[in-house]
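Colleague: Before I ask anything, let me first share the structure, which is written out below as structure tokens.
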Amino acid sequence: MANYESAYKMTDAGNIEVKKIPESTVLQTKEKGEYYDKSNNLFIKLFNYIKANQIPMTIPVESGIKDAEMRFYVSADKKDGGLKDTDSVKVLKLPERTVVAAGGRGSYSEGNIDEAKMKLIQWLEAHQEYEQIGEPYAVYWNSPFRLWFMKHYEVHMPVKQINVAP
């Protein structure tokens, strides 16, 4: 991970934390269908875009959990570089956002991601000062070629802090 620019700090395995994701430029691609059926196609589209535009690979990579979508962060030196949408890749500016994040270690499997998502749902039930404002998504910190037991992942749930009556 040290060779790649990081868009934000990783949540350690086994931890749940509220954190701010900074304003960012991302590259996003989508396909019809479920993420786990389409992940390789999504990755190739984004990888080909960064290769063609000489954009360094960054971490993490984010994906939808149900919907087939994936996002790469654009490195700081390229975020204002006149990147253009293509038929398959959109360049998006995302505002700063608050998420509750559950960190994990292991394979990037549907089961592990669903388990982390359930932990976030339970956390949210116990922390009623936060309200879910978006769909959970998966966050991958390592190459698909890294050994499964060494991989780090997170699940993020977009939230906002609310006033809770005493």
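Ligands are numbered from 1 in the order shown, chains are lettered A, B, ... in the order of the structure tokens, and residues start at 1 in each chain.
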Taking 3 positions as the minimum chain separation for residues in the same chain, which residues sit within 12 Å of Asn40 (chain A) when counting only C-alpha atoms? Answer as an MDAnalysis selection string.
Modeller: chainID A and resid 29:31 34:37 43:47 63 68:70 144
Colleague: Step one, run DSSP on the backbone; step two, keep only residues of region 47-138 of chain A assigned to alpha helix (DSSP H); then write them as a list in words.
Modeller: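 Those residues are Phe47, Asn48, Tyr49, Ile50, Lys51, Ala52, Glu110, Gly111, Asn112, Ile113, Asp114, Glu115, Ala116, Lys117, Met118, Lys119, Leu120, Ile121, Gln122, Trp123, Leu124, Glu125 and Ala126 of chain A.
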Colleague: Using only C-alpha atoms, which residues sit within 7 Å of Gly103 (chain A) once same-chain residues fewer than 5 positions away are excluded, as a PyMOL selection string?
Modeller: chain A and resi 11-16+153-155
Colleague: Could you tell me how far CA of Leu94 (chain A) lies from CA of Asn48 (chain A), in Å and to one decimal?
Modeller: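 So the answer is 21.8 Å.
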Colleague: My list of candidates is A:Ala52, A:Ile65, A:Ile59, A:Leu120. Which is closest to Ala101 (chain A) when distances are computed with only C-alpha atoms?
Modeller: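 Comparing A:Ala52, A:Ile65, A:Ile59, A:Leu120 against Ala101 (chain A), the winner is A:Leu120.
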Colleague: Skipping near chain neighbours, those fewer than 5 positions away, what residues fall within 8 Å of Met157 (chain A) using only C-alpha atoms, listed as a list in words?
Modeller: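 Once the nearby chain positions are removed, what remains is Val99, Val100, Ala101, Leu120, Gln132, Ile133, Gly134, Glu135, Pro136 and Tyr137 of chain A.
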Colleague: Mind checking which residues fall within 7 Å of Gln28 (chain A), counting only C-alpha atoms, ignoring those fewer than 6 positions away in the same chain, and posting them as a PyMOL selection string?
Modeller: chain A and resi 70-72+89-91
Colleague: Measuring between only C-alpha atoms, which one of A:Val139, A:Gly81, A:Thr86, A:Gln122 shows the shortest distance to Tyr8 (chain A)?
Modeller: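 Comparing A:Val139, A:Gly81, A:Thr86, A:Gln122 against Tyr8 (chain A), the winner is A:Val139.
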Colleague: What's the 9 Å shell around Met57 (chain A), counting only C-alpha atoms, without same-chain residues fewer than 5 positions away, as a PyMOL selection string?
Modeller: chain A and resi 4-5+47+50-51+72-75
Colleague: So that I have them on file, write out the residues from the current selection with N, CA and C atoms, as a PDB file, in the first residue's frame.
Modeller:
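File result.pdb, as written:
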```pdb
ATOM      1  N   TYR A   4       1.228   3.600  -3.214  1.00  0.00           N
ATOM      2  CA  TYR A   4       0.092   4.295  -3.793  1.00  0.00           C
ATOM      3  C   TYR A   4      -0.322   5.479  -2.929  1.00  0.00           C
ATOM      4  N   GLU A   5      -0.771   6.536  -3.590  1.00  0.00           N
ATOM      5  CA  GLU A   5      -1.335   7.679  -2.872  1.00  0.00           C
ATOM      6  C   GLU A   5      -2.674   7.244  -2.280  1.00  0.00           C
ATOM      7  N   PHE A  47      -9.109   0.777 -15.022  1.00  0.00           N
ATOM      8  CA  PHE A  47      -7.668   0.620 -15.210  1.00  0.00           C
ATOM      9  C   PHE A  47      -7.250   1.117 -16.585  1.00  0.00           C
ATOM     10  N   ILE A  50      -7.183   4.984 -16.556  1.00  0.00           N
ATOM     11  CA  ILE A  50      -6.028   5.610 -15.893  1.00  0.00           C
ATOM     12  C   ILE A  50      -4.743   5.371 -16.672  1.00  0.00           C
ATOM     13  N   LYS A  51      -4.638   4.223 -17.309  1.00  0.00           N
ATOM     14  CA  LYS A  51      -3.455   3.938 -18.125  1.00  0.00           C
ATOM     15  C   LYS A  51      -3.398   4.880 -19.331  1.00  0.00           C
ATOM     16  N   PHE A  72     -12.469   4.798  -8.677  1.00  0.00           N
ATOM     17  CA  PHE A  72     -11.053   5.023  -8.398  1.00  0.00           C
ATOM     18  C   PHE A  72     -10.910   6.491  -8.024  1.00  0.00           C
ATOM     19  N   TYR A  73     -10.072   6.790  -7.058  1.00  0.00           N
ATOM     20  CA  TYR A  73      -9.741   8.176  -6.726  1.00  0.00           C
ATOM     21  C   TYR A  73      -8.664   8.677  -7.672  1.00  0.00           C
ATOM     22  N   VAL A  74      -8.778   9.941  -8.057  1.00  0.00           N
ATOM     23  CA  VAL A  74      -7.781  10.567  -8.916  1.00  0.00           C
ATOM     24  C   VAL A  74      -6.704  11.163  -8.027  1.00  0.00           C
ATOM     25  N   SER A  75      -5.449  10.932  -8.381  1.00  0.00           N
ATOM     26  CA  SER A  75      -4.328  11.438  -7.592  1.00  0.00           C
ATOM     27  C   SER A  75      -4.352  12.967  -7.545  1.00  0.00           C
TER      28      SER A  75
END
```
Colleague: Restricting the calculation to only C-alpha atoms: of A:Glu129, A:Lys151, A:Asn3, A:Ser143, which residue gets closest to Asn112 (chain A)?
Modeller: A:Lys151
